[in-house]
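**Student:** Structure file model34.csv (CSV, C-alpha atoms) right here:
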chain,number,residue,atom,x,y,z
Q,276,MET,CA,-5.8,78.8,24.8
Q,277,THR,CA,-2.8,77.2,26.5
Q,278,ALA,CA,-0.9,80.6,26.4
Q,279,THR,CA,-3.8,82.4,28.0
Q,280,ALA,CA,-4.1,79.7,30.7
Q,281,THR,CA,-0.3,80.0,31.3
Q,282,ARG,CA,-0.5,83.8,31.7
Q,283,THR,CA,-3.5,83.5,34.0
Q,284,SER,CA,-1.7,80.9,36.2
Q,285,ALA,CA,1.5,83.1,36.3
Q,286,ALA,CA,-0.6,86.2,37.3
Q,287,THR,CA,-2.3,84.2,40.0
Q,288,ALA,CA,1.0,82.9,41.4
Q,289,ALA,CA,2.4,86.5,41.3
Q,290,ALA,CA,-0.6,87.8,43.2
Q,291,LEU,CA,-0.3,85.0,45.8
Q,292,ARG,CA,3.4,85.8,46.3
Q,293,ALA,CA,2.6,89.5,46.7
Q,294,THR,CA,-0.1,88.7,49.2
Q,295,ARG,CA,2.2,86.5,51.2
Q,296,ARG,CA,4.9,89.2,51.2
Q,297,HIS,CA,2.4,91.8,52.4
Q,298,ARG,CA,1.3,89.5,55.2
Q,299,ALA,CA,4.9,88.8,56.2
Q,300,VAL,CA,5.8,92.5,56.2
Q,301,ARG,CA,2.7,93.5,58.2
Q,302,ALA,CA,3.3,90.6,60.7
Q,303,PHE,CA,6.9,91.6,61.2
Q,304,ALA,CA,6.0,95.3,61.6
Q,305,ALA,CA,3.3,94.5,64.1
Q,306,THR,CA,5.4,92.1,66.1
Q,307,THR,CA,8.3,94.5,66.2
Q,308,GLY,CA,6.1,97.4,67.3
Q,309,LEU,CA,4.5,95.2,70.0
Q,310,THR,CA,8.0,94.1,71.3
Q,311,ALA,CA,9.1,97.7,71.5
Q,312,ALA,CA,5.9,98.6,73.4
Q,313,VAL,CA,6.5,95.7,75.9
Q,314,ALA,CA,10.1,96.8,76.5
Q,315,ALA,CA,9.0,100.4,77.1
Q,316,LEU,CA,6.3,99.5,79.5
Q,317,PHE,CA,8.6,97.0,81.3
Q,318,VAL,CA,11.1,99.8,82.0
Q,319,LEU,CA,8.3,102.3,82.8
Q,320,THR,CA,6.9,100.2,85.5
Q,321,MET,CA,10.2,100.3,87.3
Q,322,MET,CA,10.6,104.1,86.8
Q,323,VAL,CA,7.5,105.3,88.5
Q,324,GLY,CA,6.7,105.3,92.2
Q,325,SER,CA,7.5,107.2,95.4
Q,326,PHE,CA,11.2,107.0,94.4
Q,327,ARG,CA,11.3,108.1,90.7
Q,328,LEU,CA,14.1,106.8,88.5
Q,329,THR,CA,15.2,107.5,84.9
Q,330,ALA,CA,15.1,104.9,82.2
Q,331,GLY,CA,18.9,104.9,82.1
Q,332,GLU,CA,19.1,104.1,85.8
Q,333,VAL,CA,16.6,101.3,85.5
Q,334,ILE,CA,18.3,99.7,82.5
Q,335,THR,CA,21.8,99.9,84.0
Q,336,SER,CA,20.6,98.4,87.3
Q,337,VAL,CA,18.7,95.6,85.6
Q,338,LEU,CA,21.6,94.7,83.4
Q,339,HIS,CA,24.2,95.1,86.2
Q,340,LEU,CA,26.0,97.8,84.3
Q,341,ALA,CA,26.5,100.1,87.3
Q,342,ASP,CA,26.7,99.6,91.1
Q,343,THR,CA,24.4,102.1,92.9
Q,344,PRO,CA,23.1,100.5,96.1
Q,345,SER,CA,20.0,102.7,96.5
Q,346,VAL,CA,18.9,102.3,92.9
Q,347,ASP,CA,19.7,98.6,92.9
Q,348,PHE,CA,17.6,98.1,96.0
Q,349,VAL,CA,14.6,99.9,94.5
Q,350,VAL,CA,14.9,98.3,91.1
Q,351,ARG,CA,16.0,94.7,91.7
Q,352,GLY,CA,14.6,94.3,95.2
Q,353,LEU,CA,11.3,96.0,94.9
Q,354,ARG,CA,10.1,96.7,91.4
Q,355,LEU,CA,11.8,94.1,89.1
Q,356,PRO,CA,9.9,91.0,90.5
Q,357,THR,CA,6.5,92.7,89.9
Q,358,ALA,CA,7.5,93.8,86.4
Q,359,LEU,CA,8.8,90.3,85.6
Q,360,SER,CA,5.5,88.8,86.9
Q,361,ALA,CA,3.4,91.1,84.8
Q,362,LEU,CA,5.5,90.4,81.7
Q,363,THR,CA,5.6,86.6,82.0
Q,364,VAL,CA,2.0,86.1,83.2
Q,365,GLY,CA,0.8,88.4,80.4
Q,366,LEU,CA,2.8,86.5,77.8
Q,367,ALA,CA,1.4,83.2,79.0
Q,368,LEU,CA,-2.2,84.4,79.2
Q,369,GLY,CA,-2.1,86.0,75.7
Q,370,ALA,CA,-0.7,83.0,74.0
Q,371,SER,CA,-3.0,80.5,75.7
Q,372,GLY,CA,-6.1,82.6,75.1
Q,373,THR,CA,-5.5,82.8,71.3
Q,374,VAL,CA,-4.8,79.1,71.1
Q,375,PHE,CA,-8.1,78.3,72.8
Q,376,GLN,CA,-10.0,80.7,70.5
Q,377,GLN,CA,-8.5,79.4,67.3
Q,378,LEU,CA,-8.6,75.7,68.3
Q,379,LEU,CA,-12.2,75.8,69.5
Q,380,ARG,CA,-13.2,78.3,66.6
Q,381,ASN,CA,-15.1,80.6,69.0
Q,382,PRO,CA,-14.1,84.2,70.1
Q,383,LEU,CA,-15.6,83.5,73.5
Q,384,ALA,CA,-13.5,80.5,74.1
Q,385,SER,CA,-11.2,81.6,76.9
Q,386,PRO,CA,-9.6,79.8,79.9
Q,387,ASP,CA,-11.5,82.2,82.1
Q,388,PHE,CA,-14.8,80.7,81.0
Q,389,VAL,CA,-14.2,77.1,80.3
Q,390,GLY,CA,-13.3,75.8,83.7
Q,391,ILE,CA,-9.5,75.8,83.8
Q,392,THR,CA,-9.2,79.0,85.8
Q,393,SER,CA,-12.0,77.8,88.1
Q,394,GLY,CA,-10.2,74.5,88.7
Q,395,ALA,CA,-7.1,76.3,89.7
Q,396,SER,CA,-9.1,78.6,92.0
Q,397,LEU,CA,-10.9,75.7,93.7
Q,398,ALA,CA,-7.6,73.8,94.4
Q,399,ALA,CA,-5.8,76.9,95.7
Q,400,VAL,CA,-8.7,78.1,97.9
Q,401,SER,CA,-9.1,74.6,99.3
Q,402,GLY,CA,-5.4,74.5,100.2
Q,403,ILE,CA,-5.6,77.9,101.9
Q,404,VAL,CA,-8.8,77.1,103.8
Q,405,LEU,CA,-8.3,73.5,104.7
Q,406,PHE,CA,-4.6,73.2,105.2
Q,407,GLN,CA,-3.5,76.8,105.8
Q,408,VAL,CA,-0.8,76.6,103.1
Q,409,GLY,CA,0.9,79.5,101.3
Q,410,GLY,CA,3.6,80.3,98.8
Q,411,LEU,CA,4.8,77.5,96.5
Q,412,ALA,CA,2.2,75.1,98.0
Q,413,VAL,CA,-0.7,77.3,96.7
Q,414,CYS,CA,1.1,77.6,93.4
Q,415,ALA,CA,1.4,73.8,93.1
Q,416,LEU,CA,-2.2,73.3,94.1
Q,417,ALA,CA,-3.5,75.8,91.5
Q,418,LEU,CA,-1.3,74.3,88.8
Q,419,GLY,CA,-2.6,70.8,89.6
Q,420,GLY,CA,-6.2,72.0,89.8
Q,421,ALA,CA,-6.0,73.7,86.4
Q,422,ILE,CA,-4.5,70.6,84.8
Q,423,ALA,CA,-7.1,68.3,86.5
Q,424,ALA,CA,-10.0,70.4,85.3
Q,425,ALA,CA,-8.7,70.4,81.7
Q,426,VAL,CA,-8.3,66.6,81.8
Q,427,VAL,CA,-11.9,66.2,83.2
Q,428,MET,CA,-13.3,68.5,80.5
Q,429,TYR,CA,-11.4,66.7,77.7
Q,430,LEU,CA,-12.7,63.3,78.8
Q,431,LEU,CA,-16.3,64.5,79.2
Q,432,ALA,CA,-16.2,66.2,75.8
Q,433,TRP,CA,-14.8,63.1,74.0
Q,434,ARG,CA,-17.2,61.6,71.5
Q,435,ASP,CA,-15.0,60.0,68.8
Q,436,GLY,CA,-13.1,63.2,69.0
Q,437,VAL,CA,-13.5,66.6,70.6
Q,438,SER,CA,-15.6,69.4,69.0
Q,439,GLY,CA,-15.1,73.0,70.0
Q,440,TYR,CA,-18.8,73.6,70.7
Q,441,ARG,CA,-19.1,70.6,73.1
Q,442,PHE,CA,-15.9,71.4,74.9
Q,443,ILE,CA,-17.0,75.0,75.5
Q,444,LEU,CA,-20.4,73.9,76.8
Q,445,ILE,CA,-18.9,71.3,79.1
Q,446,GLY,CA,-16.3,73.8,80.2
Q,447,ILE,CA,-18.9,76.4,81.2
Q,448,GLY,CA,-20.8,73.7,83.2
Q,449,VAL,CA,-17.6,72.6,84.9
Q,450,ALA,CA,-16.7,76.2,85.7
Q,451,VAL,CA,-20.0,76.9,87.3
Q,452,PHE,CA,-19.7,73.7,89.4
Q,453,PHE,CA,-16.2,74.6,90.6
Q,454,GLU,CA,-17.2,78.2,91.4
Q,455,GLY,CA,-20.0,76.9,93.5
Q,456,LEU,CA,-17.6,74.7,95.4
Q,457,THR,CA,-15.1,77.6,95.8
Q,458,GLY,CA,-17.9,79.7,97.3
Q,459,TYR,CA,-18.8,76.9,99.7
Q,460,MET,CA,-15.1,76.8,100.8
Q,461,LEU,CA,-15.1,80.5,101.4
Q,462,VAL,CA,-18.3,80.4,103.5
Q,463,LYS,CA,-16.8,77.7,105.7
Q,464,ALA,CA,-13.5,79.4,106.1
Q,465,GLU,CA,-12.2,81.4,109.1
Q,466,LEU,CA,-11.9,85.1,108.6
Q,467,PHE,CA,-8.1,85.2,108.1
Q,468,GLU,CA,-8.1,82.3,105.6
Q,469,ALA,CA,-11.2,83.8,103.8
Q,470,ARG,CA,-9.4,87.1,103.4
Q,471,GLN,CA,-6.2,85.4,102.2
Q,472,ALA,CA,-8.2,83.3,99.7
Q,473,MET,CA,-10.2,86.3,98.4
Q,474,HIS,CA,-6.9,88.2,97.9
Q,475,TRP,CA,-5.6,85.3,95.8
Q,476,LEU,CA,-8.8,85.0,93.8
Q,477,THR,CA,-8.7,88.7,92.9
Q,478,GLY,CA,-5.4,88.2,91.0
Q,479,SER,CA,-2.3,90.3,91.4
Q,480,VAL,CA,1.1,90.3,89.8
Q,481,GLY,CA,2.7,91.5,93.0
Q,482,GLN,CA,2.2,88.3,94.9
Q,483,ALA,CA,4.7,86.0,93.0
Q,484,SER,CA,7.8,84.7,94.7
Q,485,ASP,CA,11.2,84.4,93.1
Q,486,ASP,CA,10.8,80.6,92.8
Q,487,GLU,CA,7.4,80.9,91.2
Q,488,LEU,CA,8.8,83.4,88.7
Q,489,THR,CA,11.7,81.1,87.9
Q,490,LEU,CA,9.3,78.3,87.3
Q,491,LEU,CA,7.1,80.3,85.0
Q,492,GLY,CA,10.0,81.9,83.1
Q,493,GLY,CA,11.6,78.5,82.5
Q,494,ALA,CA,8.3,77.1,81.3
Q,495,LEU,CA,7.8,80.0,78.9
Q,496,VAL,CA,11.2,79.4,77.3
Q,497,VAL,CA,9.9,75.9,76.3
Q,498,LEU,CA,6.1,76.4,75.8
Q,499,LEU,CA,6.0,79.6,73.8
Q,500,PRO,CA,8.3,78.4,71.0
Q,501,LEU,CA,6.4,75.1,71.1
Q,502,ALA,CA,3.1,76.9,70.7
Q,503,VAL,CA,4.4,78.9,67.8
Q,504,ILE,CA,5.7,75.7,66.1
Q,505,LEU,CA,2.3,74.0,66.6
Q,506,SER,CA,0.5,77.1,65.3
Q,507,ARG,CA,1.2,75.9,61.7
Q,508,ARG,CA,-0.9,72.8,62.4
Q,509,LEU,CA,-3.5,75.0,64.1
Q,510,ARG,CA,-4.1,76.7,60.8
Q,511,VAL,CA,-4.9,73.4,59.2
Q,512,LEU,CA,-7.3,72.5,62.0
Q,513,GLU,CA,-9.2,75.8,61.5
Q,514,LEU,CA,-10.2,74.4,58.1
Q,515,GLY,CA,-12.3,71.8,59.8
Q,516,ASP,CA,-11.6,68.2,60.9
Q,517,ASP,CA,-12.5,66.5,57.6
Q,518,THR,CA,-10.3,68.9,55.5
Q,519,ALA,CA,-7.5,68.6,58.0
Q,520,ARG,CA,-7.6,64.8,57.7
Q,521,ALA,CA,-7.6,65.0,53.9
Q,522,LEU,CA,-4.5,67.2,54.1
Q,523,GLY,CA,-2.8,64.5,56.2
Q,524,SER,CA,-3.0,66.0,59.6
Q,525,ARG,CA,-3.5,63.8,62.7
Q,526,VAL,CA,-6.3,65.8,64.0
Q,527,GLU,CA,-6.8,64.5,67.6
Q,528,ILE,CA,-3.1,64.2,68.4
Q,529,THR,CA,-2.5,67.8,67.1
Q,530,ARG,CA,-5.6,69.1,69.0
Q,531,ALA,CA,-4.5,67.3,72.2
Q,532,ALA,CA,-0.9,68.8,71.9
Q,533,LEU,CA,-2.2,72.3,71.3
Q,534,LEU,CA,-4.7,72.0,74.2
Q,535,ALA,CA,-2.0,70.7,76.5
Q,536,THR,CA,0.3,73.5,75.7
Q,537,ALA,CA,-2.4,76.2,76.2
Q,538,VAL,CA,-3.5,74.5,79.4
Q,539,LEU,CA,0.0,74.5,80.8
Q,540,LEU,CA,0.5,78.1,79.9
Q,541,VAL,CA,-2.6,79.3,81.6
Q,542,ALA,CA,-2.2,76.9,84.6
Q,543,LEU,CA,1.3,78.3,85.3
Q,544,ALA,CA,0.1,81.9,84.9
Q,545,VAL,CA,-2.8,81.4,87.3
Q,546,SER,CA,-0.7,79.5,89.8
Q,547,VAL,CA,1.7,82.5,89.9
Q,548,ALA,CA,-0.6,85.5,89.9
Q,549,GLY,CA,-4.1,84.1,90.6
Q,550,PRO,CA,-7.0,84.2,88.2
Q,551,ILE,CA,-6.5,87.5,86.3
Q,552,VAL,CA,-9.5,87.7,84.1
Q,553,PHE,CA,-10.1,88.9,80.5
Q,554,VAL,CA,-6.5,89.1,79.4
Q,555,ALA,CA,-6.6,85.8,77.7
Q,556,LEU,CA,-10.0,86.7,76.1
Q,557,VAL,CA,-8.9,90.1,74.8
Q,558,ALA,CA,-5.3,89.6,73.6
Q,559,GLY,CA,-6.0,87.4,70.6
Q,560,PRO,CA,-8.6,89.7,68.9
Q,561,ILE,CA,-6.4,92.8,69.5
Q,562,ALA,CA,-3.5,91.0,67.9
Q,563,ASN,CA,-5.6,90.0,65.0
Q,564,ARG,CA,-6.6,93.6,64.4
Q,565,LEU,CA,-3.0,94.6,64.3
Q,566,LEU,CA,-1.9,91.7,62.1
Q,567,GLY,CA,-4.7,92.2,59.6
Q,568,PRO,CA,-4.7,89.4,56.9
Q,569,ALA,CA,-1.9,87.6,58.8
Q,570,THR,CA,-4.2,86.7,61.7
Q,571,GLY,CA,-3.6,84.1,64.3
Q,572,GLY,CA,-0.1,85.0,65.4
Q,573,ILE,CA,0.6,83.5,68.8
Q,574,ALA,CA,3.7,85.6,69.4
Q,575,ALA,CA,1.8,88.8,68.7
Q,576,ALA,CA,-1.1,87.7,71.0
Q,577,ALA,CA,1.4,86.9,73.8
Q,578,LEU,CA,3.0,90.4,73.4
Q,579,VAL,CA,-0.5,92.0,73.5
Q,580,GLY,CA,-1.1,90.0,76.7
Q,581,ALA,CA,2.1,91.4,78.3
Q,582,ILE,CA,1.2,94.9,77.2
Q,583,LEU,CA,-2.3,94.6,78.8
Q,584,LEU,CA,-1.0,93.3,82.1
Q,585,LEU,CA,1.9,95.7,82.4
Q,586,SER,CA,-0.5,98.6,81.7
Q,587,ALA,CA,-3.1,97.3,84.1
Q,588,ASP,CA,-0.5,97.0,86.8
Q,589,LEU,CA,0.6,100.6,86.2
Q,590,VAL,CA,-3.0,101.8,86.5
Q,591,ALA,CA,-3.8,99.7,89.5
Q,592,VAL,CA,-0.8,100.8,91.5
Q,593,HIS,CA,0.0,104.3,90.3
Q,594,LEU,CA,-3.0,106.0,88.7
Q,595,LEU,CA,-5.8,105.1,91.1
Q,596,PRO,CA,-6.4,106.9,94.4
Q,597,THR,CA,-5.9,103.6,96.3
Q,598,PRO,CA,-3.6,100.8,95.0
Q,599,LEU,CA,-5.7,97.8,93.9
Q,600,PRO,CA,-4.9,94.3,92.8
Q,601,THR,CA,-4.3,94.0,89.0
Q,602,GLY,CA,-7.3,91.7,88.5
Q,603,VAL,CA,-9.6,94.5,89.5
Q,604,VAL,CA,-8.5,96.7,86.6
Q,605,THR,CA,-8.5,93.9,84.0
Q,606,GLY,CA,-12.0,93.0,85.2
Q,607,ALA,CA,-13.3,96.5,84.9
Q,608,VAL,CA,-11.9,96.9,81.4
Q,609,GLY,CA,-12.7,93.4,80.2
Q,610,ALA,CA,-16.4,93.3,81.2
Q,611,PRO,CA,-17.5,95.9,78.7
Q,612,TYR,CA,-15.5,94.2,76.0
Q,613,LEU,CA,-17.2,90.9,76.8
Q,614,LEU,CA,-20.7,92.6,76.5
Q,615,TRP,CA,-19.7,94.1,73.2
Q,616,LEU,CA,-18.3,90.7,72.0
Q,617,LEU,CA,-21.5,88.9,73.0
Q,618,ALA,CA,-23.6,91.5,71.1
Q,619,THR,CA,-21.5,91.4,67.9
Q,620,THR,CA,-21.2,87.6,67.8
Q,621,ASN,CA,-24.9,87.2,68.2
Q,622,ARG,CA,-25.5,89.7,65.5
Q,623,ARG,CA,-23.2,87.9,63.1
Q,624,GLY,CA,-24.4,84.5,64.1
Q,625,THR,CA,-20.8,83.3,65.0
Q,626,GLY,CA,-21.2,82.8,68.7
Q,627,GLY,CA,-21.2,79.1,68.7
Using structure tokens, write down the structure that the file contains.

**Tutor:**
Amino acid sequence: MTATATRTSAATAAALRATRRHRAVRAFAATTGLTAAVAALFVLTMMVGSFRLTAGEVITSVLHLADTPSVDFVVRGLRLPTALSALTVGLALGASGTVFQQLLRNPLASPDFVGITSGASLAAVSGIVLFQVGGLAVCALALGGAIAAAVVMYLLAWRDGVSGYRFILIGIGVAVFFEGLTGYMLVKAELFEARQAMHWLTGSVGQASDDELTLLGGALVVLLPLAVILSRRLRVLELGDDTARALGSRVEITRAALLATAVLLVALAVSVAGPIVFVALVAGPIANRLLGPATGGIAAAALVGAILLLSADLVAVHLLPTPLPTGVVTGAVGAPYLLWLLATTNRRGTGG
């Protein structure tokens, strides 16, 4: 009896080790492939245009390996800022979206729908319309608006803790309220300010300044590794609050830290590029499909977000008859996905 139990235990342990190895290999392969795809798209966005360049010319110019004034002007002066904006904003949106979805345990939980993006939009539009500000001032207002909206929703959702379902419902209500106020501001605006505000609201990776990109890049260096580190605690929270407490996790502190990290990521992304919709919603599920059993990888979701935004910018600028803001393309692609997601979650009974 004891020998049989020992053999069964050893077989179970071996199976668990094999499963973990398989997950680790698949996660490494998926992350490596996504990183290569991001690098290829990053270079490709700087190759195409009215002045076509080779991959070698782009790489040598970006890395300062050669001194060719005409190539350097096109790459560093014209195309590199847009490519960096798409890369960094995509990374931030992808990471924040999957944190929201895992933390709130709902595939529809995205910063686009729970009021954070709407808070940034209201603050930015108010600054443009009422104070005629631009540049870094709009960026700062959007950042502050997103953070303020997140704090308001967290306080309203608090009832001896924060449940995902209540946070989402309050977030949707706050988003509708902010969108109504944003519409009111646009109606009262002069024509020039209204056009400027509408351009910002559409979302585009081509409107970021060097200072804004530096701010977002520096924040990503800190926040992305922090999100990856906190993701280990996120897996415990996914088991439910009672189970997480039984395992020794400080549930509310961990949840607040994860929410703060995700809010800062999306707030910075929106402040730099405007409210580019659906990237945060779509990145996590796509990454989970690629990861298979090793779902929930924040790094993989961030890379998928970068791929989506770099691809959308290529389509918006180079493949359409008339160049359009990036947010138009992400919205056109993301809306059908949202309808499909609503239909499948309702069918499975997992929508809330």

**Student:** Considering only C-alpha atoms, state which residue in the set Q:Leu328, Q:Leu309, Q:Ile422, Q:Leu366 is at the smallest distance from Leu495 in chain Q.

**Tutor:**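 Among Q:Leu328, Q:Leu309, Q:Ile422, Q:Leu366, it is Q:Leu366 that comes nearest to Leu495 in chain Q.
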
**Student:** Could you tell me how far CA of Asp387 in chain Q lies from CA of Val552 in chain Q, in Å and to one decimal?

**Tutor:**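 Separating CA of Asp387 in chain Q from CA of Val552 in chain Q is a distance of 6.2 Å.
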
**Student:** Thr310 in chain Q: which residues within 10 Å, counting only C-alpha atoms, same-chain residues fewer than 2 positions away excluded, as a ChimeraX atom specification?

**Tutor:** /Q:304-308,312-316,574-575,578-579,581-582

**Student:** Which one of Q:Ala555, Q:Ala562, Q:Met322, Q:Leu589 sits closest to Gly609 in chain Q if you count all atoms listed in the file?

**Tutor:** Q:Ala555

**Student:** Work out how far apart CA of Leu466 in chain Q and CA of Val400 in chain Q are and give it in Å to one decimal.

**Tutor:**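 For CA of Leu466 in chain Q relative to CA of Val400 in chain Q, the distance reads 13.2 Å.
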
**Student:** Report as a VMD selection string all protein, DNA and RNA residues lying within 10 Å of Ala532 in chain Q, evaluated on all atoms listed in the file, omitting residues in the same chain fewer than 5 positions from it.

**Tutor:** chain Q and resid 501 to 502 505 527 537 to 538

**Student:** Excluding range 488-493 of chain Q and its own-chain neighbours fewer than 5 positions away, which residues fall within 7 Å of it when counting all atoms listed in the file? Please give them as a list in words.

**Tutor:**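 Those residues are Ser360, Thr363, Ala483 and Leu543 of chain Q.
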
**Student:** Please write the residues from the selection above to a file, keeping C-alpha atoms, as a PDB file, in the coordinates of the input.

**Tutor:**
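out24.pdb, freshly written:
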ATOM      1  CA  SER Q 360       5.500  88.800  86.900  1.00  0.00           C
ATOM      2  CA  THR Q 363       5.600  86.600  82.000  1.00  0.00           C
ATOM      3  CA  ALA Q 483       4.700  86.000  93.000  1.00  0.00           C
ATOM      4  CA  LEU Q 543       1.300  78.300  85.300  1.00  0.00           C
TER       5      LEU Q 543
END

**Student:** For CA of Gly572 in chain Q and CA of Gly478 in chain Q, quote the distance in Å rounded to one decimal.

**Tutor:**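 Answer for the CA of Gly572 in chain Q to CA of Gly478 in chain Q separation: 26.3 Å.
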